[in-house]
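Raw start-v6.cif, mmCIF, C-alpha atoms and all ligand atoms:
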data_upload
#
loop_
_atom_site.label_atom_id
_atom_site.label_comp_id
_atom_site.auth_asym_id
_atom_site.auth_seq_id
_atom_site.Cartn_x
_atom_site.Cartn_y
_atom_site.Cartn_z
CA MET A 25 108.86 67.75 169.52
CA THR A 26 112.36 68.69 168.41
CA SER A 27 114.40 71.08 170.43
CA ILE A 28 114.12 73.62 167.58
CA GLN A 29 110.35 73.55 167.80
CA ALA A 30 110.54 73.94 171.56
CA GLU A 31 112.82 76.95 171.09
CA LEU A 32 110.46 78.44 168.52
CA GLY A 33 107.61 78.07 170.98
CA ILE A 34 109.56 80.00 173.63
CA ILE A 35 110.51 82.69 171.10
CA GLU A 36 106.89 83.10 170.01
CA ARG A 37 105.66 83.42 173.61
CA ASP A 38 108.37 86.01 174.37
CA PHE A 39 107.47 87.87 171.21
CA THR A 40 103.74 87.89 171.96
CA GLU A 41 104.45 89.23 175.43
CA GLN A 42 106.82 91.95 174.25
CA VAL A 43 104.78 93.07 171.28
CA SER A 44 101.68 93.56 173.37
CA ALA A 45 103.69 95.60 175.89
CA ALA A 46 105.05 97.92 173.16
CA SER A 47 103.15 101.20 173.46
CA SER A 48 104.94 103.34 170.86
CA SER A 49 106.33 102.80 167.38
CA GLU A 50 109.77 103.31 168.86
CA GLU A 51 109.28 100.43 171.33
CA LEU A 52 107.79 98.31 168.55
CA GLN A 53 110.90 98.87 166.46
CA GLN A 54 113.04 97.64 169.37
CA VAL A 55 110.92 94.46 169.55
CA LYS A 56 111.36 93.92 165.81
CA VAL A 57 115.14 94.25 166.09
CA ALA A 58 115.19 91.83 169.06
CA PHE A 59 113.50 89.09 166.98
CA LEU A 60 114.17 89.77 163.30
CA GLY A 61 117.34 91.92 163.43
CA LYS A 62 120.82 90.68 162.53
CA LYS A 63 121.30 89.35 166.04
CA GLY A 64 117.61 88.74 166.64
CA ALA A 65 116.25 85.49 168.13
CA VAL A 66 114.73 84.28 164.84
CA THR A 67 117.83 85.13 162.82
CA LEU A 68 120.06 83.26 165.27
CA ILE A 69 117.90 80.17 165.11
CA LEU A 70 117.99 80.22 161.29
CA LYS A 71 121.76 80.04 161.55
CA LYS A 72 121.46 76.92 163.67
CA LEU A 73 119.58 75.03 160.91
CA GLY A 74 122.80 74.10 159.15
CA SER A 75 123.90 72.00 162.10
CA LEU A 76 120.71 69.87 162.10
CA PRO A 77 120.58 66.38 160.61
CA PRO A 78 119.60 66.69 156.89
CA GLU A 79 116.27 64.87 157.30
CA THR A 80 114.95 67.30 159.91
CA ARG A 81 116.14 70.47 158.19
CA PRO A 82 113.18 71.05 155.78
CA ALA A 83 110.53 70.81 158.51
CA ALA A 84 112.55 72.94 160.92
CA GLY A 85 113.23 75.51 158.19
CA GLN A 86 109.55 75.72 157.39
CA ALA A 87 108.68 76.17 161.07
CA VAL A 88 111.20 79.03 161.45
CA ASN A 89 110.01 80.75 158.24
CA SER A 90 106.43 80.42 159.29
CA LEU A 91 107.20 81.96 162.71
CA ARG A 92 109.09 84.80 161.00
CA ASP A 93 106.06 85.47 158.76
CA ARG A 94 103.71 85.52 161.72
CA ILE A 95 105.99 87.88 163.65
CA GLU A 96 106.23 90.21 160.64
CA ALA A 97 102.46 90.21 160.21
CA VAL A 98 101.85 90.98 163.90
CA ILE A 99 104.42 93.78 163.84
CA GLU A 100 102.88 95.36 160.72
CA ASP A 101 99.43 95.16 162.24
CA LYS A 102 100.58 96.69 165.52
CA ARG A 103 102.54 99.40 163.68
CA ALA A 104 99.43 100.47 161.78
CA ARG A 105 97.45 100.76 165.02
CA LEU A 106 100.23 102.70 166.80
CA ASP A 107 100.60 105.10 163.83
CA GLU A 108 96.94 105.87 164.01
CA ILE A 109 97.01 106.51 167.77
CA GLU A 110 100.13 108.67 167.49
CA SER A 111 98.84 110.83 164.67
CA GLU A 112 95.56 111.38 166.54
CA ALA A 113 97.52 112.48 169.62
CA ALA A 114 99.64 114.86 167.52
CA GLU A 115 96.53 116.35 166.01
CA ARG A 116 94.95 116.84 169.43
CA SER A 117 98.03 118.56 170.81
CA SER A 118 98.13 121.05 167.93
CA MET A 119 94.47 121.88 168.19
CA VAL A 120 93.46 125.34 169.46
CA ASP A 121 90.64 125.51 171.93
CA VAL A 122 88.86 128.68 170.87
CA THR A 123 86.66 128.59 173.96
CA LEU A 124 89.57 129.16 176.39
CA PRO A 125 89.69 132.62 178.04
CA HIS A 126 92.48 134.83 176.63
CA ARG A 127 95.55 135.72 178.68
CA GLY A 128 94.97 139.45 178.60
CA ARG A 129 97.37 142.12 177.35
CA SER A 130 98.74 145.09 179.21
CA GLY A 131 97.97 148.38 177.50
CA GLY A 132 100.77 150.51 176.07
CA GLY A 133 101.39 154.12 177.00
CA VAL A 134 102.80 157.03 175.08
CA HIS A 135 105.97 158.62 176.45
CA PRO A 136 105.10 162.00 178.04
CA VAL A 137 107.49 163.87 175.74
CA ALA A 138 106.06 162.17 172.63
CA GLN A 139 102.56 162.96 173.86
CA LEU A 140 103.42 166.60 174.52
CA THR A 141 105.21 166.97 171.15
CA HIS A 142 102.12 165.61 169.44
CA ASP A 143 99.82 167.96 171.39
CA VAL A 144 101.95 171.06 170.72
CA ILE A 145 102.18 170.32 167.01
CA GLU A 146 98.37 169.93 166.88
CA ILE A 147 97.86 173.26 168.65
CA LEU A 148 100.31 175.08 166.37
CA ALA A 149 98.92 173.42 163.25
CA GLY A 150 95.69 175.21 164.16
CA LEU A 151 97.65 178.50 164.00
CA GLY A 152 99.05 177.68 160.56
CA PHE A 153 102.43 176.21 161.56
CA SER A 154 103.86 173.13 159.87
CA VAL A 155 106.53 170.75 161.17
CA ALA A 156 110.14 171.09 160.00
CA LEU A 157 112.91 168.66 160.95
CA GLY A 158 116.68 168.80 160.59
CA PRO A 159 119.80 166.71 161.26
CA GLU A 160 121.06 166.12 164.81
CA ILE A 161 124.67 166.15 163.55
CA GLU A 162 125.01 169.71 162.37
CA GLU A 163 127.52 171.98 160.74
CA ASP A 164 128.97 174.88 162.69
CA PHE A 165 127.44 177.27 160.13
CA TYR A 166 123.81 176.29 160.85
CA ASN A 167 124.22 175.77 164.60
CA PHE A 168 126.19 178.99 165.31
CA GLU A 169 127.36 181.17 162.44
CA ALA A 170 123.98 181.68 160.73
CA LEU A 171 122.36 182.29 164.11
CA ASN A 172 124.48 185.37 164.66
CA ILE A 173 127.03 183.54 166.82
CA PRO A 174 130.38 184.01 165.00
CA GLN A 175 133.51 182.11 166.00
CA SER A 176 134.70 184.70 168.54
CA HIS A 177 131.27 185.35 170.03
CA PRO A 178 131.13 184.88 173.81
CA ALA A 179 127.70 183.24 173.45
CA ARG A 180 129.48 180.10 172.26
CA ASP A 181 130.51 179.63 175.88
CA MET A 182 126.84 179.62 176.87
CA GLN A 183 126.42 176.25 175.23
CA ASP A 184 128.94 173.51 175.90
CA THR A 185 129.04 171.64 172.65
CA PHE A 186 129.89 168.07 171.64
CA TYR A 187 132.23 168.32 168.63
CA PHE A 188 133.29 165.60 166.16
CA PRO A 189 136.91 165.48 164.96
CA ASP A 190 135.87 166.87 161.54
CA GLY A 191 134.41 170.02 163.15
CA SER A 192 130.77 168.97 162.85
CA LEU A 193 128.81 168.87 166.09
CA LEU A 194 125.73 167.59 167.87
CA ARG A 195 123.26 170.44 167.55
CA THR A 196 122.91 172.40 170.79
CA HIS A 197 119.43 173.67 169.91
CA THR A 198 116.79 173.14 167.23
CA SER A 199 117.45 176.64 165.83
CA PRO A 200 119.56 175.37 162.88
CA VAL A 201 116.31 173.99 161.45
CA GLN A 202 115.02 177.57 161.25
CA VAL A 203 117.92 178.64 159.03
CA ARG A 204 117.66 175.53 156.85
CA SER A 205 113.91 176.05 156.44
CA MET A 206 114.23 179.75 155.56
CA LEU A 207 116.88 178.92 152.97
CA ARG A 208 114.68 176.19 151.50
CA HIS A 209 111.25 177.86 151.56
CA GLY A 210 111.82 181.61 151.82
CA ALA A 211 109.22 183.92 153.39
CA PRO A 212 106.53 183.99 154.62
CA ILE A 213 107.13 180.96 156.79
CA ARG A 214 105.59 179.39 159.91
CA ILE A 215 107.33 176.33 161.22
CA VAL A 216 107.56 174.29 164.40
CA CYS A 217 110.76 172.28 164.94
CA PRO A 218 110.72 169.56 167.61
CA GLY A 219 113.81 167.46 168.26
CA ARG A 220 116.63 166.19 170.41
CA VAL A 221 119.47 168.55 171.25
CA TYR A 222 122.76 167.94 173.06
CA ARG A 223 124.94 169.82 175.54
CA ARG A 224 127.77 168.83 177.83
CA ASP A 225 125.60 169.10 180.91
CA SER A 226 124.73 166.31 183.27
CA ASP A 227 123.34 166.67 186.78
CA PRO A 228 120.02 165.88 188.48
CA THR A 229 118.26 168.68 186.62
CA HIS A 230 120.16 168.52 183.31
CA SER A 231 120.55 165.69 180.85
CA PRO A 232 123.20 165.79 178.07
CA MET A 233 120.36 165.04 175.64
CA PHE A 234 117.07 166.83 175.93
CA ASN A 235 114.04 167.64 173.83
CA GLN A 236 113.44 171.10 172.53
CA LEU A 237 110.73 172.60 170.41
CA GLU A 238 111.13 175.84 168.53
CA GLY A 239 108.80 177.91 166.50
CA LEU A 240 109.54 180.48 163.82
CA LEU A 241 107.21 182.90 162.11
CA VAL A 242 108.51 185.28 159.45
CA ASP A 243 106.17 187.54 157.56
CA ARG A 244 105.58 191.25 156.95
CA ASP A 245 104.89 193.64 159.85
CA ILE A 246 105.10 191.15 162.67
CA SER A 247 105.09 192.66 166.16
CA VAL A 248 105.98 191.65 169.70
CA ALA A 249 102.21 191.59 170.37
CA ASP A 250 101.83 188.83 167.73
CA MET A 251 104.54 186.84 169.49
CA LYS A 252 102.92 187.26 172.91
CA GLY A 253 99.52 186.25 171.54
CA CYS A 254 100.98 183.14 169.93
CA LEU A 255 102.87 182.01 173.05
CA GLU A 256 100.03 182.71 175.47
CA THR A 257 97.63 180.77 173.22
CA LEU A 258 100.11 177.88 173.12
CA MET A 259 100.61 177.81 176.90
CA ALA A 260 96.88 177.99 177.62
CA ALA A 261 96.29 175.10 175.21
CA ILE A 262 99.10 172.98 176.70
CA PHE A 263 97.84 173.40 180.26
CA SER A 264 94.14 173.49 179.28
CA ARG A 265 93.43 176.87 180.93
CA PRO A 266 94.45 180.52 180.57
CA LEU A 267 97.59 181.31 182.58
CA LYS A 268 98.98 184.65 183.66
CA ALA A 269 102.16 185.51 181.76
CA ARG A 270 105.15 187.62 182.73
CA TYR A 271 107.83 188.83 180.31
CA ARG A 272 111.42 189.52 181.28
CA ALA A 273 114.14 191.09 179.16
CA SER A 274 116.86 188.62 178.29
CA TYR A 275 119.65 188.06 175.82
CA PHE A 276 119.99 185.59 172.97
CA PRO A 277 122.32 186.31 170.03
CA PHE A 278 119.68 185.33 167.46
CA THR A 279 116.84 187.59 168.64
CA GLU A 280 116.51 191.31 169.30
CA PRO A 281 114.83 192.11 171.61
CA SER A 282 115.11 188.86 173.55
CA ILE A 283 112.51 187.96 176.13
CA GLU A 284 111.90 185.18 178.61
CA LEU A 285 108.36 184.08 179.30
CA ASP A 286 107.21 183.04 182.76
CA ILE A 287 103.76 181.64 183.39
CA GLU A 288 101.93 181.51 186.69
CA CYS A 289 102.78 178.38 188.66
CA VAL A 290 100.61 175.56 187.35
CA GLU A 291 100.72 173.93 190.78
CA CYS A 292 99.86 176.78 193.19
CA SER A 293 99.17 179.89 191.04
CA GLY A 294 101.42 181.77 193.44
CA LYS A 295 99.33 180.94 196.50
CA ASN A 296 101.70 178.55 198.25
CA PRO A 297 104.95 180.06 199.61
CA ALA A 298 106.22 176.50 200.19
CA CYS A 299 105.39 175.27 196.65
CA ARG A 300 108.04 172.79 195.52
CA ILE A 301 107.43 173.56 191.82
CA CYS A 302 107.86 177.36 191.78
CA LYS A 303 109.85 177.52 195.05
CA GLY A 304 107.27 179.98 196.31
CA THR A 305 107.85 182.57 193.58
CA GLY A 306 104.53 181.86 191.88
CA TRP A 307 106.20 181.89 188.44
CA LEU A 308 107.70 179.27 186.13
CA GLU A 309 110.18 179.97 183.34
CA VAL A 310 108.84 178.21 180.26
CA ALA A 311 110.17 179.82 177.09
CA GLY A 312 112.90 181.94 175.58
CA MET A 313 111.92 184.04 172.60
CA GLY A 314 112.32 187.25 170.69
CA MET A 315 112.06 189.06 167.40
CA VAL A 316 114.38 187.31 164.95
CA HIS A 317 117.67 189.23 164.56
CA PRO A 318 117.97 190.80 161.08
CA ASN A 319 121.30 189.00 160.60
CA VAL A 320 119.60 185.63 161.05
CA ILE A 321 116.87 186.54 158.56
CA ARG A 322 119.61 187.57 156.13
CA TYR A 323 121.48 184.27 156.65
CA GLY A 324 118.16 182.56 155.88
CA GLY A 325 118.21 184.18 152.45
CA ILE A 326 115.35 186.58 153.27
CA ASP A 327 115.47 190.39 153.03
CA PRO A 328 115.15 191.82 156.58
CA SER A 329 114.07 195.20 155.21
CA ILE A 330 110.86 193.54 153.96
CA TYR A 331 110.29 190.71 156.42
CA ASN A 332 110.56 190.30 160.14
CA GLY A 333 109.33 187.72 162.61
CA PHE A 334 109.63 186.01 165.93
CA ALA A 335 111.02 182.75 167.23
CA TRP A 336 110.74 180.89 170.50
CA GLY A 337 112.07 177.78 172.12
CA ILE A 338 110.63 175.62 174.86
CA GLY A 339 112.13 172.68 176.71
CA LEU A 340 109.72 169.81 176.12
CA ASP A 341 111.08 167.78 179.04
CA ARG A 342 110.47 170.59 181.51
CA ILE A 343 107.00 171.36 180.15
CA ALA A 344 106.14 167.63 180.25
CA MET A 345 107.23 167.51 183.91
CA LEU A 346 104.99 170.48 184.74
CA LYS A 347 102.07 169.17 182.74
CA TYR A 348 102.21 165.62 184.09
CA GLY A 349 103.30 166.55 187.62
CA LEU A 350 106.69 164.79 187.53
CA THR A 351 109.24 165.70 190.17
CA ASP A 352 112.33 164.00 188.73
CA LEU A 353 113.57 164.73 185.21
CA ARG A 354 115.28 161.36 185.04
CA ILE A 355 111.99 159.45 184.83
CA LEU A 356 111.73 160.73 181.25
CA PHE A 357 115.03 159.12 180.25
CA GLU A 358 115.21 155.91 182.23
CA GLY A 359 112.57 153.79 180.51
CA ASN A 360 110.48 153.37 183.68
CA VAL A 361 108.00 150.91 182.18
CA PRO A 362 105.33 150.94 184.94
CA TYR A 363 105.22 154.72 184.68
CA LEU A 364 105.21 154.77 180.90
CA LEU A 365 102.43 152.16 180.83
CA SER A 366 100.30 154.22 183.14
CA GLY A 367 97.91 154.95 180.38
CA ARG A 368 98.16 158.16 178.40
CA SER A 369 97.29 157.74 174.78
CA LEU A 370 97.56 159.84 171.65
ZN ZN B 1 103.94 177.08 192.84
#
For this file, write the structure as structure tokens.
Ligand SMILES: [Zn+2]
Amino acid sequence: MTSIQAELGIIERDFTEQVSAASSSEELQQVKVAFLGKKGAVTLILKKLGSLPPETRPAAGQAVNSLRDRIEAVIEDKRARLDEIESEAAERSSMVDVTLPHRGRSGGGVHPVAQLTHDVIEILAGLGFSVALGPEIEEDFYNFEALNIPQSHPARDMQDTFYFPDGSLLRTHTSPVQVRSMLRHGAPIRIVCPGRVYRRDSDPTHSPMFNQLEGLLVDRDISVADMKGCLETLMAAIFSRPLKARYRASYFPFTEPSIELDIECVECSGKNPACRICKGTGWLEVAGMGMVHPNVIRYGGIDPSIYNGFAWGIGLDRIAMLKYGLTDLRILFEGNVPYLLSGRSL
């Protein structure tokens, strides 16, 4: 046996050992490079052939070529088997086991203010009101002037306003929607205007942004009794029971007369002198309202000698707190997920 043949024998044993240990196509490729690559064992031995005596070269060359062919055949065979195993594994890992139990999903909840807005709109829709919306960035005209609050009017001090440099402002109430709607649709009109409003107020019981809802009804021969009937119906529907009402004279520039509505305490009905909700008074302030001032009707493009009406505003945040028994206003604004997920639904 020549030394070349002895070397080939060692190479073939090494190869057989390594190829059977290769368990992935990546490892198999490393084995191929180690034997057939540019610096592989078989390639190196081919280079040695030139230094052999001429009479032994053909036989040695044949032996090397034959080993190279065998190695290539074994590698191809092994590669085919590994490919098959690997593609099966990939298929298994991407399979979905439809018999596994699902992970479960936590239920969503509707924000109390959204829920209340929805409920109030439903109730008022039953009384013939439709929803009207307006911009949150308002012009002075719609927010003040057309609501009977001219530039010099002291009532402007009642509402600390956020102004933009161009004189526009963040609306301080939803009332501008009333003027816009009257100008657009004329009379008779019945609208409910929910929305965010803004004032420069911030303490534990006031947020600079809060949710208001106003209603406006303009028609012929409307009386204070119509207004009381509408508001008492609304309050009874919101709190799911009839509630005693109390009316107090008040002042708003856009209504005459102006009235504030108190309802009996939804917590104690006036029976608990230590009630934390009504502070023992037995009454809760829930709405400001009044007969629409003739000037406002006129600004709305409607003749106040033919039409009159009433308007009211409620604070949705406060009503939501009373309805859902919340003690801290901030829970409505802080995205308290456990609370919000606690399960009300529309
Ligand atoms: Zn009370």
Around ligand ZN 1 (chain B), out to 12 Å and counting all atoms listed in the file, which residues are there? I want them as a tab-separated table (two decimals) with C-alpha atoms, in the coordinates of the input.
chain	number	residue	atom	x	y	z
A	287	ILE	CA	103.76	181.64	183.39
A	288	GLU	CA	101.93	181.51	186.69
A	289	CYS	CA	102.78	178.38	188.66
A	290	VAL	CA	100.61	175.56	187.35
A	291	GLU	CA	100.72	173.93	190.78
A	292	CYS	CA	99.86	176.78	193.19
A	293	SER	CA	99.17	179.89	191.04
A	294	GLY	CA	101.42	181.77	193.44
A	295	LYS	CA	99.33	180.94	196.50
A	296	ASN	CA	101.70	178.55	198.25
A	297	PRO	CA	104.95	180.06	199.61
A	298	ALA	CA	106.22	176.50	200.19
A	299	CYS	CA	105.39	175.27	196.65
A	300	ARG	CA	108.04	172.79	195.52
A	301	ILE	CA	107.43	173.56	191.82
A	302	CYS	CA	107.86	177.36	191.78
A	303	LYS	CA	109.85	177.52	195.05
A	304	GLY	CA	107.27	179.98	196.31
A	305	THR	CA	107.85	182.57	193.58
A	306	GLY	CA	104.53	181.86	191.88
A	307	TRP	CA	106.20	181.89	188.44
A	308	LEU	CA	107.70	179.27	186.13
A	309	GLU	CA	110.18	179.97	183.34
A	346	LEU	CA	104.99	170.48	184.74
A	349	GLY	CA	103.30	166.55	187.62
Work out where the centre of an axis-aligned box around every listed atom of stretch 291-304 of chain A lies and how long its edges are once 4 Å is added on each side; give both in Å to one decimal as JSON.
{"center_x": 104.5, "center_y": 177.3, "center_z": 195.5, "size_x": 18.7, "size_y": 17.0, "size_z": 17.4}
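Proximity of A:Lys268, A:Phe334, A:Met313, A:Lys252 to A:Leu240, computed with all atoms listed in the file, is greatest for A:Phe334.
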**Report entry** All residues 12 Å or closer to A:Gln29, only C-alpha atoms, same chain fewer than 6 positions away omitted, as a VMD selection string
**Finding:** chain A and resid 35 to 36 66 69 73 80 to 81 83 to 91
Requested in this report: Identify which of the residues A:Gly337, A:Asp184, A:Ala104, A:Glu256 lies closest to A:Cys217, counting all atoms listed in the file when measuring atom-to-atom distances.
Outcome: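 The answer is A:Gly337, which sits nearest to A:Cys217.
Excluding stretch 323-332 of chain A and any residue on its chain fewer than 3 positions from it, the residues at most 8 Å away by only C-alpha atoms are Ala170, Leu171, Gln202, Val203, Arg204, Ser205, Met206, Leu207, Gly210, Ala211, Pro212, Val242, Asp243, Arg244, Asp245, Ile246, Met315, Val316, Pro318, Asn319 and Val320 of chain A.
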Query raised in the report: Which residues, written as a ChimeraX atom specification, have at least one atom at most 12 Å from A:Asp107, with all atoms listed in the file counted and residues fewer than 5 positions away on the same chain left out?
Result: /A:47-50,52,99-102,112-114
Taking only C-alpha atoms, show stretch 75-95 of chain A of the given structure as a PDB file, in the first residue's frame.
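Generated file (out-v4.pdb):
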ATOM      1  CA  SER A  75       5.265  15.148  -6.497  1.00  0.00           C
ATOM      2  CA  LEU A  76       4.702  11.384  -6.959  1.00  0.00           C
ATOM      3  CA  PRO A  77       6.840   9.266  -9.284  1.00  0.00           C
ATOM      4  CA  PRO A  78       5.182   9.282 -12.770  1.00  0.00           C
ATOM      5  CA  GLU A  79       4.390   5.547 -12.756  1.00  0.00           C
ATOM      6  CA  THR A  80       2.312   5.726  -9.576  1.00  0.00           C
ATOM      7  CA  ARG A  81       0.451   8.911 -10.459  1.00  0.00           C
ATOM      8  CA  PRO A  82      -2.427   7.421 -12.550  1.00  0.00           C
ATOM      9  CA  ALA A  83      -3.428   4.858  -9.910  1.00  0.00           C
ATOM     10  CA  ALA A  84      -3.130   7.396  -7.089  1.00  0.00           C
ATOM     11  CA  GLY A  85      -5.111   9.960  -9.091  1.00  0.00           C
ATOM     12  CA  GLN A  86      -7.858   7.445  -9.709  1.00  0.00           C
ATOM     13  CA  ALA A  87      -7.984   6.535  -6.013  1.00  0.00           C
ATOM     14  CA  VAL A  88      -8.309  10.210  -4.983  1.00  0.00           C
ATOM     15  CA  ASN A  89     -11.012  10.890  -7.613  1.00  0.00           C
ATOM     16  CA  SER A  90     -12.911   7.828  -6.579  1.00  0.00           C
ATOM     17  CA  LEU A  91     -12.796   8.887  -2.905  1.00  0.00           C
ATOM     18  CA  ARG A  92     -13.966  12.394  -3.884  1.00  0.00           C
ATOM     19  CA  ASP A  93     -16.911  10.868  -5.794  1.00  0.00           C
ATOM     20  CA  ARG A  94     -17.878   8.695  -2.850  1.00  0.00           C
ATOM     21  CA  ILE A  95     -17.677  11.640  -0.450  1.00  0.00           C
TER      22      ILE A  95
END
